[in-house]
>>> print(open('final-v9.txt').read())   # compact mmCIF, C-alpha atoms
# COMPACT_ATOMS: atom_id res chain seq x y z
CA MET A 1 -13.02 17.17 18.23
CA SER A 2 -12.01 20.22 20.27
CA THR A 3 -14.05 23.37 19.70
CA ALA A 4 -10.91 25.32 18.77
CA VAL A 5 -9.93 22.92 16.01
CA ALA A 6 -13.47 22.72 14.67
CA ASN A 7 -13.85 26.50 14.74
CA ALA A 8 -10.63 26.97 12.77
CA LEU A 9 -11.73 24.48 10.13
CA ASN A 10 -15.35 25.54 9.92
CA GLY A 11 -14.48 29.22 9.78
CA ARG A 12 -13.86 28.76 6.07
CA GLY A 13 -17.60 28.85 5.73
CA ALA A 14 -19.02 27.14 2.68
CA ILE A 15 -21.08 23.96 2.90
CA ARG A 16 -19.62 21.10 0.89
CA PRO A 17 -21.42 20.27 -2.35
CA ALA A 18 -23.34 17.03 -2.64
CA PRO A 19 -21.40 13.96 -3.85
CA ALA A 20 -23.16 14.10 -7.25
CA ALA A 21 -21.83 17.61 -7.72
CA ASP A 22 -18.35 16.36 -6.84
CA VAL A 23 -18.59 13.70 -9.53
CA ARG A 24 -19.69 16.22 -12.15
CA LYS A 25 -16.88 18.59 -11.19
CA VAL A 26 -14.23 15.89 -11.59
CA VAL A 27 -15.64 14.53 -14.86
CA GLN A 28 -15.99 18.00 -16.39
CA HIS A 29 -12.41 18.91 -15.46
CA MET A 30 -11.10 15.67 -16.99
CA MET A 31 -13.06 16.33 -20.18
CA ARG A 32 -11.67 19.86 -20.47
CA LEU A 33 -8.13 18.46 -20.29
CA ASN A 34 -8.99 15.57 -22.63
CA VAL A 35 -7.99 13.01 -20.01
CA ALA A 36 -9.02 9.39 -20.57
CA GLY A 37 -11.88 8.21 -18.36
CA LEU A 38 -9.84 5.57 -16.55
CA PRO A 39 -10.66 4.72 -12.92
CA ARG A 40 -7.16 5.65 -11.79
CA ASN A 41 -7.47 9.04 -13.56
CA TYR A 42 -10.77 9.71 -11.80
CA GLU A 43 -9.15 8.88 -8.47
CA LEU A 44 -6.25 11.21 -9.29
CA PHE A 45 -8.46 14.19 -10.15
CA HIS A 46 -10.90 13.49 -7.31
CA GLU A 47 -8.02 13.60 -4.83
CA ALA A 48 -6.77 16.88 -6.36
CA LEU A 49 -10.14 18.65 -6.66
CA ILE A 50 -12.32 17.17 -3.93
CA GLY A 51 -9.68 15.83 -1.56
CA LEU A 52 -8.13 19.31 -1.57
CA SER A 53 -4.57 18.12 -2.13
CA ALA A 54 -2.92 21.37 -3.19
CA GLY A 55 0.40 19.77 -4.11
CA LEU A 56 -1.28 17.17 -6.29
CA ALA A 57 -3.42 19.82 -8.00
CA GLN A 58 -0.33 21.92 -8.74
CA ASP A 59 1.54 18.96 -10.21
CA ILE A 60 -1.37 18.18 -12.52
CA ALA A 61 -1.74 21.83 -13.55
CA ALA A 62 1.97 21.95 -14.42
CA LEU A 63 1.37 19.32 -17.13
CA GLY A 64 -0.82 21.78 -19.05
CA PRO A 65 -3.71 20.83 -21.37
CA HIS A 66 -3.88 17.34 -22.86
CA PRO A 67 -1.46 15.75 -20.34
CA ARG A 68 0.14 12.45 -21.34
CA GLN A 69 -1.13 9.37 -19.54
CA GLU A 70 2.43 8.43 -18.59
CA ALA A 71 2.87 11.79 -16.84
CA LEU A 72 -0.42 11.40 -14.96
CA ASP A 73 0.59 7.90 -13.88
CA GLU A 74 3.91 9.22 -12.59
CA ILE A 75 2.04 11.69 -10.39
CA GLY A 76 -0.35 9.00 -9.15
CA LEU A 77 2.58 6.77 -8.23
CA ARG A 78 4.36 9.64 -6.51
CA TYR A 79 1.32 10.33 -4.31
CA ARG A 80 0.76 6.57 -3.73
CA LEU A 81 -2.85 6.50 -4.83
CA ILE A 82 -4.47 3.09 -4.48
CA GLY A 83 -5.56 2.92 -8.13
CA HIS A 84 -1.92 3.17 -9.19
CA TYR A 85 -0.53 0.38 -7.01
CA GLY A 86 -1.10 -2.10 -9.83
CA LEU A 87 1.06 0.05 -12.11
CA ALA A 88 3.81 0.17 -9.50
CA ASP A 89 3.69 -3.59 -9.13
CA ASP A 90 3.85 -4.13 -12.91
CA ARG A 91 6.76 -1.71 -13.24
CA SER A 92 8.62 -3.39 -10.40
CA ARG A 93 8.13 -6.83 -11.95
CA ASN A 94 9.28 -5.59 -15.36
CA GLU A 95 12.32 -3.89 -13.86
CA ALA A 96 13.24 -7.01 -11.89
CA SER A 97 12.82 -9.16 -15.00
CA ARG A 98 15.04 -6.83 -17.04
CA MET A 99 17.74 -6.78 -14.37
CA LEU A 100 17.75 -10.57 -14.03
CA LYS A 101 18.05 -10.88 -17.81
CA GLU A 102 21.04 -8.52 -17.83
CA THR A 103 22.62 -10.49 -14.99
CA ALA A 104 22.19 -13.74 -16.92
CA GLU A 105 23.81 -12.15 -19.97
CA ARG A 106 26.80 -11.02 -17.90
CA LEU A 107 27.23 -14.46 -16.41
CA ALA A 108 27.05 -15.95 -19.90
CA GLU A 109 29.69 -13.47 -21.04
CA GLY A 110 31.95 -14.51 -18.17
CA ARG A 111 31.48 -18.16 -19.09
CA LEU A 112 32.58 -17.43 -22.67
CA HIS A 113 35.77 -15.80 -21.37
CA HIS A 114 36.49 -18.87 -19.23
CA GLN A 115 35.89 -21.20 -22.16
CA ALA A 116 38.20 -19.17 -24.39
CA PHE A 117 40.94 -19.26 -21.75
CA ALA A 118 40.50 -23.00 -21.27
CA ARG A 119 40.83 -23.58 -25.03
CA ALA A 120 43.99 -21.45 -25.11
CA CYS A 121 45.49 -23.46 -22.25
CA GLU A 122 44.60 -26.72 -23.97
CA ALA A 123 46.12 -25.62 -27.30
CA ILE A 124 49.36 -24.46 -25.71
CA LEU A 125 49.62 -27.63 -23.63
CA LYS A 126 49.29 -29.76 -26.79
CA SER A 127 51.82 -27.62 -28.58
CA VAL A 128 54.37 -27.91 -25.77
CA SER A 129 53.79 -31.66 -25.38
CA GLY A 130 54.04 -32.45 -29.10
CA GLN A 131 57.02 -30.28 -29.99
CA GLN A 132 59.34 -30.57 -27.03
CA ASP A 133 62.45 -31.07 -29.23
CA GLN A 134 61.59 -28.85 -32.17
CA GLN A 135 60.09 -25.83 -30.31
CA SER A 136 62.40 -22.88 -29.92
CA LEU A 137 62.67 -20.81 -26.78
CA ALA A 138 61.18 -17.83 -28.60
CA ASP A 139 58.11 -19.86 -29.61
CA PHE A 140 57.66 -21.08 -26.06
CA ILE A 141 57.94 -17.55 -24.66
CA ALA A 142 55.38 -16.32 -27.22
CA GLU A 143 52.91 -19.00 -26.19
CA VAL A 144 53.39 -18.19 -22.51
CA GLU A 145 52.84 -14.49 -23.25
CA TYR A 146 49.65 -15.36 -25.15
CA LEU A 147 48.47 -17.45 -22.22
CA SER A 148 49.30 -14.61 -19.82
CA ALA A 149 47.34 -12.13 -21.98
CA SER A 150 44.37 -14.49 -22.08
CA LEU A 151 44.47 -14.85 -18.29
CA SER A 152 44.60 -11.06 -17.87
CA ALA A 153 41.56 -10.69 -20.13
CA VAL A 154 39.64 -13.28 -18.09
CA LEU A 155 40.53 -11.60 -14.79
CA ALA A 156 39.58 -8.16 -16.12
CA ALA A 157 36.24 -9.50 -17.39
CA GLU A 158 35.58 -11.15 -14.02
CA ARG A 159 36.31 -7.91 -12.17
CA THR A 160 33.90 -6.04 -14.47
CA ILE A 161 31.22 -8.69 -14.10
CA GLY A 162 31.71 -8.78 -10.32
CA THR A 163 31.27 -5.01 -10.06
CA ARG A 164 28.15 -5.11 -12.19
CA LEU A 165 26.71 -7.99 -10.17
CA GLU A 166 27.25 -6.03 -6.95
CA GLU A 167 25.42 -3.08 -8.51
CA ASP A 168 22.61 -5.38 -9.62
CA ILE A 169 22.29 -6.80 -6.11
CA GLU A 170 22.00 -3.27 -4.69
CA ARG A 171 19.38 -2.35 -7.29
CA LEU A 172 17.40 -5.54 -6.67
CA THR A 173 17.51 -4.89 -2.92
CA ALA A 174 16.21 -1.35 -3.45
CA LEU A 175 13.55 -2.70 -5.80
CA GLU A 176 12.50 -5.26 -3.19
CA ARG A 177 12.17 -2.50 -0.60
CA GLY A 178 10.07 -0.51 -3.05
CA ILE A 179 7.80 -3.48 -3.73
CA SER A 180 7.40 -4.05 0.01
CA ALA A 181 6.51 -0.37 0.48
CA VAL A 182 3.90 -0.55 -2.29
CA GLN A 183 2.41 -3.72 -0.83
CA ALA A 184 2.26 -2.11 2.61
CA ALA A 185 0.64 1.02 1.17
CA ALA A 186 -1.94 -1.10 -0.65
CA ILE A 187 -3.33 -2.38 2.66
CA THR A 188 -3.03 0.92 4.58
CA ASP A 189 -5.64 3.66 4.90
CA LYS A 190 -4.07 6.97 3.84
CA ILE A 191 -5.96 9.16 6.30
CA THR A 192 -5.61 7.23 9.55
CA GLY A 193 -2.59 5.04 8.85
CA LEU A 194 -4.59 1.99 9.95
CA PRO A 195 -4.99 -1.12 7.80
CA ASN A 196 -7.80 -0.84 5.24
CA ARG A 197 -10.40 -3.41 4.09
CA LEU A 198 -7.72 -5.35 2.21
CA GLY A 199 -5.75 -5.50 5.44
CA LEU A 200 -8.81 -6.77 7.32
CA ASN A 201 -9.43 -9.41 4.66
CA ARG A 202 -5.84 -10.59 5.02
CA ALA A 203 -6.10 -10.75 8.82
CA LEU A 204 -9.34 -12.76 8.60
CA SER A 205 -7.83 -15.07 6.00
CA ASP A 206 -4.90 -15.74 8.34
CA LEU A 207 -7.33 -16.35 11.20
CA TYR A 208 -9.34 -18.92 9.28
CA GLY A 209 -6.19 -20.50 7.89
CA GLN A 210 -4.95 -21.60 11.32
CA GLU A 211 -4.69 -25.31 11.92
CA GLU A 212 -6.51 -24.99 15.24
CA GLY A 213 -9.42 -23.20 13.56
CA ALA A 214 -10.88 -19.72 13.85
CA ALA A 215 -13.08 -20.14 16.96
CA GLY A 216 -12.42 -17.86 19.90
CA SER A 217 -12.18 -14.51 18.12
CA ALA A 218 -14.63 -11.63 17.78
CA LEU A 219 -15.14 -9.14 14.95
CA ILE A 220 -16.50 -5.76 16.04
CA VAL A 221 -17.65 -3.31 13.37
CA VAL A 222 -18.12 0.38 14.24
CA ASP A 223 -20.02 2.89 12.10
CA ILE A 224 -19.96 6.66 12.70
CA ASP A 225 -23.53 7.87 12.86
CA ASP A 226 -24.44 10.51 10.23
CA PHE A 227 -20.83 10.89 9.10
CA LYS A 228 -21.86 11.75 5.54
CA ALA A 229 -24.04 14.60 6.79
CA LEU A 230 -21.18 15.82 8.99
CA ASN A 231 -18.84 15.85 5.98
CA ILE A 232 -21.35 17.80 3.90
CA ARG A 233 -22.00 20.32 6.66
CA TYR A 234 -18.48 20.94 7.93
CA GLY A 235 -16.30 19.90 4.99
CA MET A 236 -14.05 16.97 4.20
CA GLN A 237 -11.03 18.39 6.00
CA THR A 238 -12.98 18.49 9.24
CA GLY A 239 -14.16 14.94 8.60
CA ASN A 240 -10.61 13.75 7.97
CA LYS A 241 -9.34 15.34 11.17
CA LEU A 242 -12.17 13.69 13.03
CA LEU A 243 -11.22 10.30 11.55
CA LYS A 244 -7.60 10.77 12.61
CA LYS A 245 -8.62 11.65 16.14
CA LEU A 246 -11.01 8.70 16.27
CA ALA A 247 -8.27 6.34 15.04
CA SER A 248 -5.90 7.68 17.71
CA LEU A 249 -8.54 7.12 20.39
CA PHE A 250 -9.18 3.56 19.20
CA ARG A 251 -5.45 2.74 19.17
CA LYS A 252 -5.15 3.77 22.81
CA MET A 253 -8.08 1.57 23.80
CA VAL A 254 -6.83 -1.72 22.35
CA LYS A 255 -3.72 -3.82 22.89
CA LYS A 256 -0.93 -3.95 20.32
CA SER A 257 -1.85 -7.54 19.56
CA ASP A 258 -5.44 -6.54 18.70
CA PHE A 259 -6.27 -5.71 15.10
CA ILE A 260 -7.97 -2.49 14.02
CA ALA A 261 -8.75 -1.23 10.51
CA ARG A 262 -10.64 1.54 8.77
CA THR A 263 -12.72 -0.37 6.26
CA GLU A 264 -15.03 2.31 4.83
CA ALA A 265 -15.32 6.09 4.87
CA ASP A 266 -17.24 5.96 8.15
CA GLU A 267 -16.48 2.46 9.36
CA PHE A 268 -13.86 0.77 11.53
CA ALA A 269 -13.37 -2.91 12.32
CA PHE A 270 -11.69 -4.63 15.28
CA LEU A 271 -10.53 -8.23 15.58
CA PHE A 272 -9.99 -9.59 19.09
CA ALA A 273 -8.60 -13.03 19.93
CA ASN A 274 -9.50 -15.25 22.89
CA VAL A 275 -12.75 -13.49 23.81
CA ARG A 276 -16.26 -14.68 24.53
CA MET A 277 -19.40 -12.81 23.55
CA GLN A 278 -19.70 -11.29 27.01
CA ASP A 279 -16.14 -9.95 26.74
CA ALA A 280 -16.70 -8.67 23.19
CA LEU A 281 -19.88 -6.82 24.19
CA ALA A 282 -18.04 -5.20 27.10
CA ILE A 283 -15.29 -4.04 24.74
CA ALA A 284 -17.88 -2.72 22.27
CA GLU A 285 -19.62 -0.76 25.01
CA ARG A 286 -16.31 0.77 26.13
CA LEU A 287 -15.61 1.83 22.54
CA ARG A 288 -19.03 3.44 22.25
CA SER A 289 -18.91 5.31 25.57
CA SER A 290 -15.34 6.49 25.01
CA VAL A 291 -16.24 8.00 21.63
CA GLU A 292 -19.28 9.78 23.04
CA ASP A 293 -17.30 11.05 26.04
CA ASN A 294 -14.23 12.28 24.17
CA LEU A 295 -15.21 13.43 20.67
CA VAL A 296 -17.13 16.70 20.62
CA PHE A 297 -17.32 19.21 17.77
CA ALA A 298 -18.97 22.55 17.13
CA ALA A 299 -19.55 24.73 14.08
CA SER A 300 -18.90 28.06 15.83
CA ASP A 301 -18.18 29.62 19.22
CA THR A 302 -21.89 30.22 19.79
CA SER A 303 -23.24 26.85 18.61
CA ASP A 304 -23.99 24.04 20.98
CA ALA A 305 -21.33 21.36 21.11
CA SER A 306 -22.39 18.09 19.51
CA GLY A 307 -21.14 14.71 20.57
CA LEU A 308 -20.17 12.07 18.05
CA THR A 309 -22.08 8.81 18.31
CA ILE A 310 -21.37 5.38 16.85
CA SER A 311 -23.25 2.15 16.20
CA VAL A 312 -21.53 -1.16 16.92
CA GLY A 313 -22.07 -4.70 15.64
CA VAL A 314 -20.44 -7.75 17.22
CA ALA A 315 -19.99 -11.27 15.79
CA LEU A 316 -18.04 -14.33 16.94
CA SER A 317 -15.78 -16.30 14.61
CA GLY A 318 -17.16 -19.52 16.08
CA ASP A 319 -20.54 -18.69 14.48
CA ALA A 320 -19.08 -18.31 10.97
CA ALA A 321 -17.45 -20.90 8.72
CA THR A 322 -15.66 -18.38 6.50
CA PRO A 323 -14.22 -14.84 6.73
CA GLY A 324 -17.00 -13.59 4.46
CA GLN A 325 -19.68 -15.06 6.66
CA LEU A 326 -18.09 -13.52 9.77
CA GLN A 327 -18.11 -10.09 8.14
CA ALA A 328 -21.72 -10.60 7.02
CA ASN A 329 -22.75 -11.56 10.57
CA ALA A 330 -21.06 -8.48 12.01
CA ARG A 331 -22.78 -6.30 9.42
CA VAL A 332 -26.19 -7.79 10.30
CA ALA A 333 -25.54 -6.88 13.94
CA LEU A 334 -24.39 -3.39 12.92
CA LEU A 335 -27.56 -2.84 10.91
CA ALA A 336 -29.62 -3.81 13.94
CA ALA A 337 -27.69 -1.26 16.02
CA GLN A 338 -28.16 1.48 13.41
CA THR A 339 -31.91 0.95 13.32
CA ASN A 340 -32.26 0.96 17.09
CA PRO A 341 -30.65 4.10 18.56
CA ARG A 342 -31.65 3.02 22.08
CA GLN A 343 -29.44 -0.05 21.76
CA PRO A 344 -26.43 1.12 19.69
CA VAL A 345 -24.45 -2.06 20.49
CA GLN A 346 -25.87 -5.27 19.03
CA ALA A 347 -24.57 -8.84 18.82
CA PHE A 348 -25.26 -11.31 16.01
CA GLY A 349 -27.59 -14.11 17.03
CA ARG A 350 -28.30 -12.65 20.48
>>> encode(input="final-v9.txt", output="structure tokens")
Amino acid sequence: MSTAVANALNGRGAIRPAPAADVRKVVQHMMRLNVAGLPRNYELFHEALIGLSAGLAQDIAALGPHPRQEALDEIGLRYRLIGHYGLADDRSRNEASRMLKETAERLAEGRLHHQAFARACEAILKSVSGQQDQQSLADFIAEVEYLSASLSAVLAAERTIGTRLEEDIERLTALERGISAVQAAAITDKITGLPNRLGLNRALSDLYGQEEGAAGSALIVVDIDDFKALNIRYGMQTGNKLLKKLASLFRKMVKKSDFIARTEADEFAFLFANVRMQDALAIAERLRSSVEDNLVFAASDTSDASGLTISVGVALSGDAATPGQLQANARVALLAAQTNPRQPVQAFGR
């Protein structure tokens, strides 16, 4: 991180409270407002109070004391918090079900109009056929007028139904776009814009679902050394800016076809195809050296600049029968790197 950016952020001064203090602050605030202790509510208030989202905090404050759960959920959905994605999915499914039910009712209504018109045609046809000699011209004209009125009613009903069906199609299309957006948000890290752990799990599931098998790929897991201490010392906003800069650096270092995700607060994961262990270790070393060469931060103008360091674990898909085992192997290698600062890049089984 550049000294100027760090100075601007760290000039605010105060050291961040410990995580336990954050938890107490959130819980106490929820209790004062008589908010139910639901996981999604905790996430909502944590984002407002600890995540320093001013807009979110203002929206919650506007609800006043004893806010309704429905109103809190609306705010959570508006800010696309992960804990509320399930609610969005349920609402979308219910809305789609309701719209399809209404569409079915309209089609049934149109069918009734057609059946009524068909019966009218049949009755008039029988009348004309059975009373050709006795039927007067006036009676015949009356029956034709009745048939014409029935036809007009059917055409009017069809126009109405057609208009409503077009509206339903537009609403269903918008709903589908909304569902797609929610699904995309569910697998995306809010801070960096990279895929999250769910996104990594999906990518690994696709890898191991290939007919040709999963061999030939490498999973590289990167952990930021002492990131929790950095967050406590400099504040979460500084930490978030550092994560964004780190994500930008990683994007520039890999090809578009390579997969990268932020899987934990201080952890990133890479998935590379068609690489051997020698290639994967070379990539891991480039990641490590690039971070140490490019990311520097300082607490003040007079303090010594500190370089960010990372630990890296490497595992090959050919050494794992399942996605879970591959992740476990990479984590074993990462742990070895974290416990041996002189060799911050470690490979599983090597």
>>> atom_distance(input="final-v9.txt", atom1="atom CA of A:Ala138", atom2="atom CA of A:Glu122")
19.4 Å
>>> atom_distance(input="final-v9.txt", atom1="atom CA of A:Thr339", atom2="atom CA of A:Leu271")
23.4 Å
>>> residues_around(input="final-v9.txt", residues="A:Ile224", least_positions_apart="5", cutoff="7 Å", atoms="all atoms listed in the file", output="PyMOL selection string")
chain A and resi 266-267+309-311
>>> residues_around(input="final-v9.txt", residues="stretch 277-281 of chain A", least_positions_apart="2", cutoff="9 Å", atoms="only C-alpha atoms", output="PyMOL selection string")
chain A and resi 217-220+272+275+283-286+314-316+345-347
>>> residues_around(input="final-v9.txt", residues="stretch 65-70 of chain A", least_positions_apart="6", cutoff="7 Å", atoms="only C-alpha atoms", output="PyMOL selection string")
chain A and resi 33-35
>>> residues_around(input="final-v9.txt", residues="stretch 71-74 of chain A", least_positions_apart="4", cutoff="9 Å", atoms="only C-alpha atoms", output="PyMOL selection string")
chain A and resi 40-41+44+60+63+67+78-79+84+87
>>> axis_aligned_box(input="final-v9.txt", around="stretch 35-47 of chain A", padding_each_side="4 Å", output="JSON")
{"center_x": -9.1, "center_y": 9.5, "center_z": -12.7, "size_x": 13.6, "size_y": 17.5, "size_z": 23.7}
>>> atom_distance(input="final-v9.txt", atom1="atom CA of A:Arg331", atom2="atom CA of A:Val221")
7.1 Å
>>> closest_residue(input="final-v9.txt", among="A:Asn231, A:Ser248, A:Ser150, A:Ser290", to="A:Ile50", atoms="all atoms listed in the file")
A:Asn231
>>> residues_around(input="final-v9.txt", residues="stretch 107-112 of chain A", least_positions_apart="6", cutoff="10 Å", atoms="all atoms listed in the file", output="MDAnalysis selection string")
chainID A and resid 101 118 154:155 157:162 165
>>> closest_residue(input="final-v9.txt", among="A:Ala62, A:Val222, A:Leu200, A:Ala320", to="A:Ala333", atoms="only C-alpha atoms")
A:Val222
>>> closest_residue(input="final-v9.txt", among="A:Glu176, A:Asp168, A:Gly235, A:Gln338", to="A:Ala104", atoms="only C-alpha atoms")
A:Asp168
